[in-house]
file upload_38.txt (compact mmCIF, C-alpha atoms)
# COMPACT_ATOMS: atom_id res chain seq x y z
CA MET A 177 -60.94 -58.78 -40.46
CA ARG A 178 -64.71 -58.69 -40.05
CA ILE A 179 -65.86 -55.13 -40.64
CA ASN A 180 -69.04 -53.07 -40.61
CA ILE A 181 -68.46 -49.28 -40.76
CA GLU A 182 -70.78 -46.43 -41.64
CA SER A 183 -69.56 -43.21 -43.20
CA GLU A 184 -71.69 -40.29 -44.34
CA ARG A 185 -72.94 -42.00 -47.51
CA LEU A 186 -71.57 -45.53 -47.34
CA ILE A 187 -71.65 -48.77 -45.43
CA LEU A 188 -68.35 -50.63 -45.53
CA ARG A 189 -68.73 -54.34 -44.95
CA ASN A 190 -67.11 -57.61 -45.86
CA LEU A 191 -68.00 -59.03 -49.23
CA VAL A 192 -70.03 -62.25 -49.15
CA PRO A 193 -70.42 -64.85 -51.93
CA GLU A 194 -73.94 -63.57 -52.67
CA ASP A 195 -72.36 -60.25 -53.80
CA TYR A 196 -70.81 -61.83 -56.88
CA VAL A 197 -73.37 -60.56 -59.43
CA ASP A 198 -73.08 -56.98 -58.17
CA ALA A 199 -69.29 -57.21 -57.94
CA PHE A 200 -69.15 -58.46 -61.53
CA LYS A 201 -70.48 -55.01 -62.55
CA TRP A 202 -66.99 -53.62 -61.92
CA CYS A 203 -64.83 -56.75 -62.08
CA GLY A 204 -66.16 -57.51 -65.55
CA ASP A 205 -66.10 -53.92 -66.86
CA PRO A 206 -63.14 -53.18 -69.18
CA ARG A 207 -63.24 -49.48 -68.20
CA VAL A 208 -62.71 -50.34 -64.53
CA ASN A 209 -60.18 -53.05 -65.33
CA THR A 210 -57.96 -50.93 -67.58
CA TYR A 211 -55.28 -50.32 -64.94
CA MET A 212 -56.08 -53.13 -62.52
CA ILE A 213 -53.54 -55.85 -61.76
CA TYR A 214 -56.10 -58.63 -62.18
CA PRO A 215 -57.27 -59.82 -65.61
CA LEU A 216 -60.78 -58.86 -66.73
CA TYR A 217 -63.37 -61.24 -65.31
CA LYS A 218 -65.41 -62.84 -68.09
CA ARG A 219 -67.95 -64.69 -65.93
CA ALA A 220 -69.77 -63.66 -62.76
CA GLU A 221 -69.15 -67.12 -61.32
CA ASP A 222 -65.40 -66.40 -61.34
CA VAL A 223 -66.05 -63.33 -59.19
CA LYS A 224 -67.87 -65.58 -56.72
CA THR A 225 -64.79 -67.79 -56.53
CA TRP A 226 -62.63 -64.73 -55.83
CA ILE A 227 -64.98 -63.52 -53.06
CA GLU A 228 -65.02 -66.99 -51.49
CA SER A 229 -61.21 -66.92 -51.41
CA LEU A 230 -61.05 -63.71 -49.33
CA ASN A 231 -59.71 -64.32 -45.85
CA THR A 232 -61.78 -62.19 -43.47
CA ASP A 233 -59.89 -63.65 -40.50
CA ASN A 234 -56.54 -62.13 -41.54
CA PRO A 235 -55.81 -59.36 -38.99
CA ASP A 236 -53.63 -57.51 -41.53
CA ASN A 237 -56.23 -57.39 -44.33
CA TYR A 238 -59.07 -54.88 -44.18
CA ASP A 239 -60.91 -55.54 -47.44
CA VAL A 240 -64.52 -54.38 -47.74
CA GLY A 241 -67.38 -53.75 -50.11
CA PHE A 242 -68.70 -50.21 -50.57
CA VAL A 243 -72.49 -50.05 -50.21
CA LEU A 244 -74.52 -46.89 -50.85
CA LYS A 245 -76.59 -46.17 -47.74
CA GLU A 246 -79.31 -44.49 -49.79
CA THR A 247 -80.00 -47.44 -52.11
CA GLY A 248 -78.27 -50.48 -50.57
CA GLU A 249 -76.32 -50.99 -53.82
CA LEU A 250 -72.87 -52.56 -53.70
CA ILE A 251 -70.83 -50.16 -55.87
CA GLY A 252 -67.23 -51.14 -55.28
CA SER A 253 -64.64 -52.62 -52.99
CA GLY A 254 -61.26 -51.89 -51.58
CA GLY A 255 -59.29 -51.60 -48.46
CA ILE A 256 -55.92 -51.59 -46.83
CA VAL A 257 -53.44 -54.39 -46.26
CA TYR A 258 -50.66 -54.22 -43.69
CA LYS A 259 -47.15 -55.14 -44.81
CA PRO A 260 -45.29 -55.75 -41.51
CA GLU A 261 -41.87 -56.09 -43.14
CA ARG A 262 -42.14 -52.41 -44.16
CA ASP A 263 -44.60 -51.14 -41.49
CA VAL A 264 -46.81 -49.84 -44.31
CA PHE A 265 -50.50 -50.17 -45.16
CA ILE A 266 -51.15 -50.51 -48.90
CA ILE A 267 -54.42 -49.09 -50.20
CA GLY A 268 -56.42 -50.40 -53.15
CA TYR A 269 -59.91 -49.95 -54.56
CA ASN A 270 -62.35 -50.57 -57.42
CA LEU A 271 -65.55 -48.71 -58.18
CA ARG A 272 -68.32 -49.15 -60.72
CA ALA A 273 -67.70 -46.74 -63.60
CA ASP A 274 -71.15 -45.16 -63.27
CA LYS A 275 -70.20 -44.08 -59.71
CA TRP A 276 -66.84 -42.46 -60.59
CA GLY A 277 -66.33 -38.81 -59.68
CA ASN A 278 -68.57 -38.71 -56.60
CA GLY A 279 -65.88 -38.94 -53.91
CA TYR A 280 -66.95 -42.39 -52.72
CA VAL A 281 -63.47 -43.95 -52.72
CA PRO A 282 -61.75 -41.26 -50.61
CA GLU A 283 -64.72 -41.38 -48.21
CA ALA A 284 -64.49 -45.17 -47.93
CA ILE A 285 -60.72 -45.36 -47.50
CA GLN A 286 -60.65 -42.45 -45.01
CA SER A 287 -63.38 -44.13 -42.93
CA LEU A 288 -61.48 -47.40 -43.01
CA LEU A 289 -58.25 -45.69 -41.95
CA GLU A 290 -60.02 -44.06 -39.00
CA TYR A 291 -61.54 -47.41 -38.02
CA VAL A 292 -58.23 -49.29 -38.15
CA ASN A 293 -56.33 -46.49 -36.43
CA LYS A 294 -58.52 -46.95 -33.33
CA THR A 295 -57.02 -50.38 -32.68
CA ARG A 296 -53.58 -50.19 -34.30
CA LYS A 297 -51.24 -47.40 -35.13
CA ILE A 298 -51.02 -46.54 -38.82
CA SER A 299 -47.62 -45.03 -39.57
CA ILE A 300 -47.65 -44.95 -43.36
CA ILE A 301 -50.05 -45.62 -46.22
CA GLU A 302 -48.98 -46.16 -49.81
CA GLY A 303 -50.80 -46.58 -53.08
CA GLU A 304 -49.68 -47.23 -56.63
CA PHE A 305 -51.38 -46.22 -59.85
CA ALA A 306 -50.60 -46.25 -63.56
CA GLU A 307 -49.21 -42.88 -64.71
CA GLU A 308 -52.17 -42.38 -67.07
CA ASN A 309 -54.73 -43.07 -64.36
CA TYR A 310 -55.25 -39.49 -63.19
CA LYS A 311 -58.48 -40.47 -61.36
CA SER A 312 -56.55 -42.72 -59.00
CA ARG A 313 -53.93 -40.04 -58.50
CA ARG A 314 -56.74 -37.66 -57.52
CA VAL A 315 -58.12 -40.19 -54.98
CA MET A 316 -54.72 -40.42 -53.33
CA GLU A 317 -54.29 -36.67 -53.25
CA LYS A 318 -57.69 -36.34 -51.54
CA LEU A 319 -56.39 -38.79 -48.92
CA GLY A 320 -53.45 -36.46 -48.24
CA MET A 321 -50.95 -38.65 -50.06
CA ILE A 322 -48.06 -37.21 -52.03
CA TYR A 323 -45.68 -38.46 -54.72
CA ASP A 324 -42.93 -40.72 -53.38
CA ARG A 325 -41.37 -42.50 -56.34
CA ASP A 326 -41.74 -43.94 -59.83
CA SER A 327 -42.29 -47.64 -60.29
CA GLU A 328 -43.97 -50.10 -62.63
CA TYR A 329 -46.27 -53.07 -62.34
CA GLU A 330 -47.67 -55.82 -64.52
CA LYS A 331 -51.07 -57.48 -64.74
CA LEU A 332 -51.08 -60.87 -63.01
CA ASP A 333 -51.47 -62.64 -66.34
CA GLY A 334 -48.54 -60.71 -67.86
CA SER A 335 -50.76 -59.15 -70.55
CA LYS A 336 -49.76 -55.54 -69.87
CA ARG A 337 -47.11 -53.53 -68.05
CA PHE A 338 -47.62 -50.02 -66.66
CA LYS A 339 -45.28 -47.25 -65.63
CA SER A 340 -46.61 -46.13 -62.29
CA LYS A 341 -46.37 -43.64 -59.46
CA ILE A 342 -46.32 -44.51 -55.79
CA TYR A 343 -47.96 -42.02 -53.47
CA ARG A 344 -47.47 -42.07 -49.72
CA ARG A 345 -48.70 -40.46 -46.54
CA GLU A 346 -46.94 -40.56 -43.19
CA PHE A 347 -48.97 -40.15 -40.02
CA VAL A 348 -47.50 -38.43 -36.98
call {"tool": "encode", "arguments": {"input": "upload_38.txt", "output": "structure tokens"}}
result
Amino acid sequence: MRINIESERLILRNLVPEDYVDAFKWCGDPRVNTYMIYPLYKRAEDVKTWIESLNTDNPDNYDVGFVLKETGELIGSGGIVYKPERDVFIIGYNLRADKWGNGYVPEAIQSLLEYVNKTRKISIIEGEFAEENYKSRRVMEKLGMIYDRDSEYEKLDGSKRFKSKIYRREFV
């Protein structure tokens, strides 16, 4: 979905191939990648390939870059993806480590939820995080999500497995 949203401090917009160098700042950072499902990117050019593969025409995928209004810097990305078989939107996000702890992710995801909810009804959102990743748990709590169940996930390359928690929020 093509998106351009403004929140208090952020502009949420689709990533474009020219963003690859800035996106590599979090995609290639081991601190950010610790609990991510994707393997650590070793080259910025691989990030460009990933961005080029994003399908902005998919009406069930709302994936955006997070840009600071004040500076114009691309500092992260994330979004929500609709899973029709379960009538659930799954949230996900990444943020440069030097921007952690400023409330940018809850602001971005909340703005995106409000945007999407204007055109389609959101019944449920879910997010999953590694048990040790208390920062992600905190993001989900700020979004009004609560514990639903235990789970586990594995990096796409099979290099690591995590015990996880799934948090959920139902909308009335």
call {"tool": "residues_around", "arguments": {"input": "upload_38.txt", "residues": "segment 318-320 of chain A", "least_positions_apart": "3", "cutoff": "7 Å", "atoms": "only C-alpha atoms", "output": "ChimeraX atom specification"}}
result
/A:282,286,314-315,345
call {"tool": "residues_near_point", "arguments": {"input": "upload_38.txt", "point": "(-69.6, -51.1, -44.5)", "cutoff": "12 Å", "atoms": "all atoms listed in the file", "output": "number ranges by chain"}}
result
A: 178-191, 238-245, 248-255, 283-285, 287-288, 291
call {"tool": "atom_distance", "arguments": {"input": "upload_38.txt", "atom1": "atom CA of Ile213 of chain A", "atom2": "atom CA of Asp236 of chain A"}}
result
20.3 Å
call {"tool": "closest_residue", "arguments": {"input": "upload_38.txt", "among": "A:Val208, A:Cys203, A:Met177, A:Ile267", "to": "Asn237 of chain A", "atoms": "all atoms listed in the file"}}
result
A:Met177
call {"tool": "residues_near_point", "arguments": {"input": "upload_38.txt", "point": "(-47.5, -36.8, -37.2)", "cutoff": "12 Å", "atoms": "all atoms listed in the file", "output": "list in words"}}
result
Lys297, Ile298, Ser299, Ile300, Arg345, Glu346, Phe347 and Val348 of chain A
call {"tool": "closest_residue", "arguments": {"input": "upload_38.txt", "among": "A:Asp195, A:Glu330, A:Asp233, A:Asp263", "to": "Glu304 of chain A", "atoms": "only C-alpha atoms"}}
result
A:Glu330
call {"tool": "atom_distance", "arguments": {"input": "upload_38.txt", "atom1": "atom CA of Tyr217 of chain A", "atom2": "atom CA of Asn234 of chain A"}}
result
24.7 Å
call {"tool": "atom_distance", "arguments": {"input": "upload_38.txt", "atom1": "atom CA of Met321 of chain A", "atom2": "atom CA of Arg344 of chain A"}}
result
4.9 Å
call {"tool": "residues_around", "arguments": {"input": "upload_38.txt", "residues": "Phe265 of chain A", "least_positions_apart": "3", "cutoff": "7 Å", "atoms": "all atoms listed in the file", "output": "short mmCIF file (atom, residue, chain, number, x, y, z; two decimals) with C-alpha atoms, in the frame of the given file"}}
result
data_model
loop_
_atom_site.label_atom_id
_atom_site.label_comp_id
_atom_site.auth_asym_id
_atom_site.auth_seq_id
_atom_site.Cartn_x
_atom_site.Cartn_y
_atom_site.Cartn_z
CA ILE A 256 -55.92 -51.59 -46.83
CA VAL A 257 -53.44 -54.39 -46.26
CA TYR A 258 -50.66 -54.22 -43.69
CA LYS A 259 -47.15 -55.14 -44.81
CA ILE A 300 -47.65 -44.95 -43.36
CA ILE A 301 -50.05 -45.62 -46.22
CA GLU A 302 -48.98 -46.16 -49.81
#
call {"tool": "residues_around", "arguments": {"input": "upload_38.txt", "residues": "Asp222 of chain A", "least_positions_apart": "2", "cutoff": "12 Å", "atoms": "only C-alpha atoms", "output": "JSON, numbers by chain"}}
result
{"A": [193, 195, 196, 197, 199, 200, 203, 204, 215, 216, 217, 218, 219, 220, 224, 225, 226, 227, 228, 229]}
call {"tool": "closest_residue", "arguments": {"input": "upload_38.txt", "among": "A:Trp276, A:Tyr329, A:Tyr343, A:Phe338", "to": "Gly303 of chain A", "atoms": "all atoms listed in the file"}}
result
A:Tyr343
call {"tool": "closest_residue", "arguments": {"input": "upload_38.txt", "among": "A:Asp205, A:Val292, A:Lys339, A:Tyr269", "to": "Met316 of chain A", "atoms": "only C-alpha atoms"}}
result
A:Tyr269
call {"tool": "closest_residue", "arguments": {"input": "upload_38.txt", "among": "A:Glu308, A:Asp274, A:Asp198, A:Glu246", "to": "Thr210 of chain A", "atoms": "only C-alpha atoms"}}
result
A:Glu308
call {"tool": "closest_residue", "arguments": {"input": "upload_38.txt", "among": "A:Met212, A:Ile266, A:Lys311, A:Asn278", "to": "Ile342 of chain A", "atoms": "all atoms listed in the file"}}
result
A:Ile266
call {"tool": "build_atoms", "arguments": {"input": "upload_38.txt", "residues": "segment 234-258 of chain A", "atoms": "N, CA and C atoms", "output": "CSV table (one decimal), keeping the file's coordinate frame"}}
result
chain,number,residue,atom,x,y,z
A,234,ASN,N,-57.9,-62.6,-41.5
A,234,ASN,CA,-56.5,-62.1,-41.5
A,234,ASN,C,-56.5,-60.8,-40.9
A,235,PRO,N,-55.8,-60.6,-39.7
A,235,PRO,CA,-55.8,-59.4,-39.0
A,235,PRO,C,-55.1,-58.2,-39.7
A,236,ASP,N,-54.4,-58.5,-40.8
A,236,ASP,CA,-53.6,-57.5,-41.5
A,236,ASP,C,-54.3,-57.1,-42.8
A,237,ASN,N,-55.5,-57.7,-43.1
A,237,ASN,CA,-56.2,-57.4,-44.3
A,237,ASN,C,-57.6,-56.8,-44.0
A,238,TYR,N,-57.8,-55.6,-44.4
A,238,TYR,CA,-59.1,-54.9,-44.2
A,238,TYR,C,-59.7,-54.6,-45.5
A,239,ASP,N,-60.3,-55.6,-46.1
A,239,ASP,CA,-60.9,-55.5,-47.4
A,239,ASP,C,-62.4,-55.5,-47.3
A,240,VAL,N,-63.1,-54.5,-47.9
A,240,VAL,CA,-64.5,-54.4,-47.7
A,240,VAL,C,-65.2,-54.0,-49.0
A,241,GLY,N,-66.5,-54.2,-49.0
A,241,GLY,CA,-67.4,-53.8,-50.1
A,241,GLY,C,-67.9,-52.4,-49.7
A,242,PHE,N,-68.1,-51.5,-50.8
A,242,PHE,CA,-68.7,-50.2,-50.6
A,242,PHE,C,-70.2,-50.2,-51.0
A,243,VAL,N,-71.0,-50.0,-50.0
A,243,VAL,CA,-72.5,-50.0,-50.2
A,243,VAL,C,-73.1,-48.7,-50.0
A,244,LEU,N,-73.9,-48.2,-51.0
A,244,LEU,CA,-74.5,-46.9,-50.8
A,244,LEU,C,-75.6,-47.0,-49.8
A,245,LYS,N,-75.6,-46.2,-48.8
A,245,LYS,CA,-76.6,-46.2,-47.7
A,245,LYS,C,-78.0,-45.9,-48.3
A,246,GLU,N,-78.0,-45.0,-49.2
A,246,GLU,CA,-79.3,-44.5,-49.8
A,246,GLU,C,-80.1,-45.6,-50.5
A,247,THR,N,-79.3,-46.5,-51.3
A,247,THR,CA,-80.0,-47.4,-52.1
A,247,THR,C,-79.7,-48.9,-51.7
A,248,GLY,N,-78.7,-49.1,-50.9
A,248,GLY,CA,-78.3,-50.5,-50.6
A,248,GLY,C,-77.5,-51.2,-51.7
A,249,GLU,N,-77.1,-50.4,-52.7
A,249,GLU,CA,-76.3,-51.0,-53.8
A,249,GLU,C,-74.9,-51.2,-53.4
A,250,LEU,N,-74.3,-52.3,-53.8
A,250,LEU,CA,-72.9,-52.6,-53.7
A,250,LEU,C,-72.2,-51.9,-54.9
A,251,ILE,N,-71.4,-50.9,-54.7
A,251,ILE,CA,-70.8,-50.2,-55.9
A,251,ILE,C,-69.3,-50.3,-56.1
A,252,GLY,N,-68.7,-51.0,-55.1
A,252,GLY,CA,-67.2,-51.1,-55.3
A,252,GLY,C,-66.7,-51.9,-54.1
A,253,SER,N,-65.3,-52.0,-54.1
A,253,SER,CA,-64.6,-52.6,-53.0
A,253,SER,C,-63.2,-52.1,-52.9
A,254,GLY,N,-62.6,-52.3,-51.8
A,254,GLY,CA,-61.3,-51.9,-51.6
A,254,GLY,C,-60.9,-52.1,-50.1
A,255,GLY,N,-59.7,-51.5,-49.8
A,255,GLY,CA,-59.3,-51.6,-48.5
A,255,GLY,C,-57.8,-51.3,-48.3
A,256,ILE,N,-57.3,-51.8,-47.2
A,256,ILE,CA,-55.9,-51.6,-46.8
A,256,ILE,C,-55.4,-52.9,-46.3
A,257,VAL,N,-54.1,-53.2,-46.7
A,257,VAL,CA,-53.4,-54.4,-46.3
A,257,VAL,C,-52.1,-54.0,-45.6
A,258,TYR,N,-51.9,-54.5,-44.4
A,258,TYR,CA,-50.7,-54.2,-43.7
A,258,TYR,C,-49.5,-55.1,-44.2
